[in-house]
Structures are given as structure tokens and as C-alpha cells.
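S.K.: Quick one: this structure, given as C-alpha cells, is what I'll be asking you about.
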Amino acid sequence: MQNDSFAAQMQAHLQAAKGPSAAAQVEASARNDVLTKPPGALGRLEDLAIWYASWRGDARPQITAPQVIVFAGNHGVVAQGISAFPAEVTVQMVANFERGGAAINQLANLHGAKMEVVALELDRPTFDFTQRAAMDAAHLDAALKAGWDAVDPASDLLVVGEMGIGNTTAAAAISLALFGGEAADWVGRGTGLDDAGVARKAEVIAKALEVNAPEGPLEVLRCVGGREVAAMAGAIARARVENIPLILDGFICCSAAAVLEKLVEGALDHCVAGHRSAEAAHGRVLEALGKEPLLTLGLRLGEGSGAALAIGILKGAIACHSGMASFAEAGVSDG
């Protein structure tokens, strides 16, 4: 990576990013201790509220401007027969997002989130990474910057999702490169592969890492990632720099996030895991990242849908924390 590349600039921003507000965390914890409930009665909601308050620098915050961004890209590796659907579906689903007809549209609307769709050169798939690197340095920079620029600094909560036929293969290849193991440990059925398809997918991933042999997180992303995966990484990094809390989605989103955590330790401290998906390797990535999912509902749609559903959990945590009366305010004895 050249030092003047956007990837290098992003890394520098992450390394210089400030952490959560210690003062807001202390104040939020103190407030939580005097609310009209037994200590710990709201369970993990209490921890979520204090975590959110610390990142927003406000001991009594509100969530009023959530943002959902769906990034879309196409993958040259689909030529290897690793998906049950053709690449044209990516374009068709982007049109569905833009018409408001997808699951993510309904969930974003439900929670009052501003939703945007960012299509990344759908007419120019990444290279087949069993033959060469998926992207060159310029492609990677453009995708990272597209994600970075898509984030609204005025947002107070972010969800990033994706659409891209073949991208569970990219996510599996990234995970294998970052965390090790065997290719079979990281592959799943994606959009509906049979057993033979899953075996083929594992062979493709093993070959991709043999051909490219990437060293370093950004090289992993460049060699076996995708434009939409890189864009998610750029958006997650921007949220960290802007102190915008973020809810992680499924396997593909978390593979993008893992690149950042391997790049700069603590890069995902502003993130919580929205859910654990039905894609088997997602749980392994969450464990590696030390993230406990808020929901486990067998979802495997992508689009940011699991994370968007979890917006309601975080909103509930904040509503209770910021809206409940203290014992003194309610005139209730605290014992």
C-alpha cells in the first residue's frame, strides 16, 4: 500500500481516533444506579445504554438519527460456480431496494432510519480471485472511500448491510486468511448451495489464498474481498472516527469489520453485534471479535436486516435509561 493511498489515510485516522467519553460513562452509570428498578433488572439493556451514552458523550442520550447504508457489488469469483444465483440478481435487488421493496426497507422504516443504497460498479465485477487479486490498490481505495463518504456525520447510530452474489465466498476467504483454520471451517450454504456446492466453495477459497498469499489485513481485503465488503469497512471506520455507535450485521459485515480490528486494535469498540446468523461461520467470527450477539433468530438474508432489527433493542435500552424516573423523582423508596 502506498503511503498516500486512502487505505493508509484510513488506517491513520483509526489509529488517531478518540475513544468513548469516560465522564459520560461515569454519569450514565450513576444514573442507571438510581432508576426505579432493582439493580441489574434490565440485564444487558443497562450495559448497552451506558455503552451508547459513553460513545455519544451524553449521559442521557436519545437516538433520533439512525442511518442504514446498503452497499452492493459484484464478484468475478461467481464464475467458479460458488453461488446458487447469478450475478444479475445483485442489480435486480438494488432496484428493489431503491423501490422500497426489500426487507431492509421495512426494518429501516420501522425504526425511522434514513436508508441509502450505494451500488459499486455493478457492471464491472471484481476479478476472479482464484486467478489474481480481486482488486488492485486503486479499486480498493475507491471502495473504502465510497463507504467512508456514505456515512452522515450527523447520524447517531449506523447499520451497514450488503448485497452481492458470491460475497459469502469472499467473507469466508477473508475469515480464513485473518483467523486461520481450514477452508471448510468457514464455508456455508450462502444463498442455498447443496453439499457439493459447499465443497466446491471450500476448494475455491483454498485456491484463492494459495494464489494470492496476502499478508496484512488490507492486503487480505484487496486480494479476496469485494467492493461492497471494502465499502462496509470504510463506513465502519468512519463511524469509529466520528464516535457513531454501530450495530454489526451478519457474516459478510463482520468479515469486513474483522479487517479493521486486525488493522488497528480497538477499531470495533464502537460496535455491538446485532445478531448471530444461520451462516455457521458467523458465530466463529463473533467469538474471534469478542462480540456477543443481541439476537439469534436464524436469519441469513444479509442487507443489514439483522442489525436493523436490533435497532429496536438499542432504542429500548436508551428509552429506559433516559426516560425512566429516578427513585427521588418518582418519590419511591430505594430501601
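By order in the C-alpha cells, chains are A, B, ...; within a chain, residues start at 1; ligands start at 1, following the order shown.
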If you count only C-alpha atoms, which residues fall within 8 Å of stretch 248-250 of chain A, apart from same-chain ones fewer than 3 positions away, as a list of chain:residue names?

M.R.: A:Val159, A:Val160, A:Gly161, A:Cys253, A:Cys254, A:Cys271, A:Val272, A:Ala273, A:Gly274, A:His275, A:Arg276, A:Ser277, A:His282, A:Arg300, A:Gly302, A:Gly304, A:Ser305, A:Gly306, A:Ala307, A:Ala308

S.K.: Report the closest atom pair, with its distance in Å rounded to one decimal, for each residue of stretch 35-134 of chain A that has an atom no farther than 10 Å from stretch 220-226 of chain A; count only C-alpha atoms, sort by chain and then rising residue number, and write it as CSV.

M.R.:
```
residue,atom,partner,partner_atom,distance
A:Ala72,CA,A:Gly226,CA,9.4
A:Gly73,CA,A:Gly226,CA,6.9
A:Asn74,CA,A:Gly226,CA,7.4
A:His75,CA,A:Gly226,CA,6.5
A:Gly76,CA,A:Gly226,CA,9.2
A:Val77,CA,A:Val224,CA,9.4
A:Leu120,CA,A:Gly226,CA,9.8
A:Pro125,CA,A:Gly226,CA,8.6
A:Thr126,CA,A:Gly226,CA,6.4
A:Phe127,CA,A:Gly226,CA,9.1
A:Asp128,CA,A:Val224,CA,8.9
A:Phe129,CA,A:Val224,CA,5.9
A:Thr130,CA,A:Val224,CA,8.7
A:Arg132,CA,A:Cys223,CA,7.5
A:Ala133,CA,A:Cys223,CA,4.1
A:Ala134,CA,A:Cys223,CA,4.9
```

S.K.: Generate a file of the selected residues that holds N, CA and C atoms, formatted as a PDB file, in the first residue's frame.

M.R.:
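Once written, part-v4.pdb looks like this:
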```pdb
ATOM      1  N   ALA A  72     -23.607  -2.461  -2.511  1.00  0.00           N
ATOM      2  CA  ALA A  72     -23.784  -3.568  -3.452  1.00  0.00           C
ATOM      3  C   ALA A  72     -22.583  -3.661  -4.391  1.00  0.00           C
ATOM      4  N   GLY A  73     -22.145  -4.892  -4.646  1.00  0.00           N
ATOM      5  CA  GLY A  73     -21.036  -5.116  -5.564  1.00  0.00           C
ATOM      6  C   GLY A  73     -21.137  -6.494  -6.187  1.00  0.00           C
ATOM      7  N   ASN A  74     -20.460  -6.692  -7.296  1.00  0.00           N
ATOM      8  CA  ASN A  74     -20.446  -7.987  -7.961  1.00  0.00           C
ATOM      9  C   ASN A  74     -19.063  -8.612  -7.918  1.00  0.00           C
ATOM     10  N   HIS A  75     -19.022  -9.937  -7.945  1.00  0.00           N
ATOM     11  CA  HIS A  75     -17.805 -10.705  -7.707  1.00  0.00           C
ATOM     12  C   HIS A  75     -17.465 -11.597  -8.891  1.00  0.00           C
ATOM     13  N   GLY A  76     -16.250 -11.454  -9.394  1.00  0.00           N
ATOM     14  CA  GLY A  76     -15.808 -12.283 -10.501  1.00  0.00           C
ATOM     15  C   GLY A  76     -15.715 -13.754 -10.159  1.00  0.00           C
ATOM     16  N   VAL A  77     -15.565 -14.067  -8.879  1.00  0.00           N
ATOM     17  CA  VAL A  77     -15.407 -15.466  -8.472  1.00  0.00           C
ATOM     18  C   VAL A  77     -16.676 -16.288  -8.697  1.00  0.00           C
ATOM     19  N   LEU A 120     -21.820  -0.198  -6.330  1.00  0.00           N
ATOM     20  CA  LEU A 120     -20.405  -0.001  -6.647  1.00  0.00           C
ATOM     21  C   LEU A 120     -20.037  -0.748  -7.935  1.00  0.00           C
ATOM     22  N   PRO A 125     -17.535  -6.416 -12.301  1.00  0.00           N
ATOM     23  CA  PRO A 125     -17.246  -7.239 -11.119  1.00  0.00           C
ATOM     24  C   PRO A 125     -15.771  -7.186 -10.752  1.00  0.00           C
ATOM     25  N   THR A 126     -15.489  -7.520  -9.502  1.00  0.00           N
ATOM     26  CA  THR A 126     -14.094  -7.712  -9.117  1.00  0.00           C
ATOM     27  C   THR A 126     -13.514  -8.868  -9.940  1.00  0.00           C
ATOM     28  N   PHE A 127     -12.201  -8.968  -9.959  1.00  0.00           N
ATOM     29  CA  PHE A 127     -11.554 -10.065 -10.673  1.00  0.00           C
ATOM     30  C   PHE A 127     -11.820 -11.379  -9.939  1.00  0.00           C
ATOM     31  N   ASP A 128     -11.789 -12.465 -10.673  1.00  0.00           N
ATOM     32  CA  ASP A 128     -11.913 -13.797 -10.090  1.00  0.00           C
ATOM     33  C   ASP A 128     -10.680 -14.066  -9.233  1.00  0.00           C
ATOM     34  N   PHE A 129     -10.864 -14.104  -7.911  1.00  0.00           N
ATOM     35  CA  PHE A 129      -9.676 -14.182  -7.049  1.00  0.00           C
ATOM     36  C   PHE A 129      -9.063 -15.578  -6.957  1.00  0.00           C
ATOM     37  N   THR A 130      -9.581 -16.520  -7.733  1.00  0.00           N
ATOM     38  CA  THR A 130      -8.834 -17.769  -7.869  1.00  0.00           C
ATOM     39  C   THR A 130      -7.742 -17.635  -8.936  1.00  0.00           C
ATOM     40  N   ARG A 132      -6.291 -14.174  -9.701  1.00  0.00           N
ATOM     41  CA  ARG A 132      -5.489 -12.993  -9.349  1.00  0.00           C
ATOM     42  C   ARG A 132      -6.225 -12.259  -8.233  1.00  0.00           C
ATOM     43  N   ALA A 133      -5.627 -11.191  -7.734  1.00  0.00           N
ATOM     44  CA  ALA A 133      -6.268 -10.416  -6.672  1.00  0.00           C
ATOM     45  C   ALA A 133      -7.603  -9.858  -7.143  1.00  0.00           C
ATOM     46  N   ALA A 134      -8.576  -9.840  -6.237  1.00  0.00           N
ATOM     47  CA  ALA A 134      -9.910  -9.343  -6.577  1.00  0.00           C
ATOM     48  C   ALA A 134      -9.889  -7.887  -7.020  1.00  0.00           C
TER      49      ALA A 134
END
```

S.K.: Write out as a PyMOL selection string all residues of stretch 111-185 of chain A that backbone DSSP assigns to alpha helix (DSSP H).

M.R.: chain A and resi 137-150+167-179+183-185

S.K.: Report as a list of chain:residue names all protein, DNA and RNA residues lying within 10 Å of A:Gly323, evaluated on only C-alpha atoms, omitting residues in the same chain fewer than 4 positions from it.

M.R.: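 My reading of the contact set: A:Leu35, A:Arg60, A:Pro61, A:Gln62, A:Ala317, A:Ile318, A:Ala319.
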
S.K.: Can you tell me which residues surround stretch 11-15 of chain A at a distance of at most 8 Å, considering only C-alpha atoms, apart from same-chain residues fewer than 5 positions away, and format the answer as number ranges by chain?

M.R.: A: 237, 240-241, 263-264, 267

S.K.: Atom CA of A:Ala143 and atom CA of A:Arg227, how far apart in Å?

M.R.: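 Separation of atom CA of A:Arg227 and atom CA of A:Ala143: 5.3 Å.
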
S.K.: So the first atom is atom CA of A:Pro217 and the second is atom CA of A:Ala170; what is the distance between them in Å, to one decimal place?

M.R.: 13.7 Å

S.K.: Which one is closest to A:Glu203: A:Ile82, A:His111, A:Leu158, A:Ser322? Count only C-alpha atoms.

M.R.: A:Ile82

S.K.: Might you pull out every residue within 10 Å of A:Ala288, with only C-alpha atoms counted and same-chain residues fewer than 4 positions away left off, and present them as an NGL selection string?

M.R.: :A and (175 or 179 or 258 or 282-284)

S.K.: Please, what distance in Å, to one decimal, runs between atom CA of A:Arg124 and atom CA of A:Ser83?

M.R.: 17.9 Å
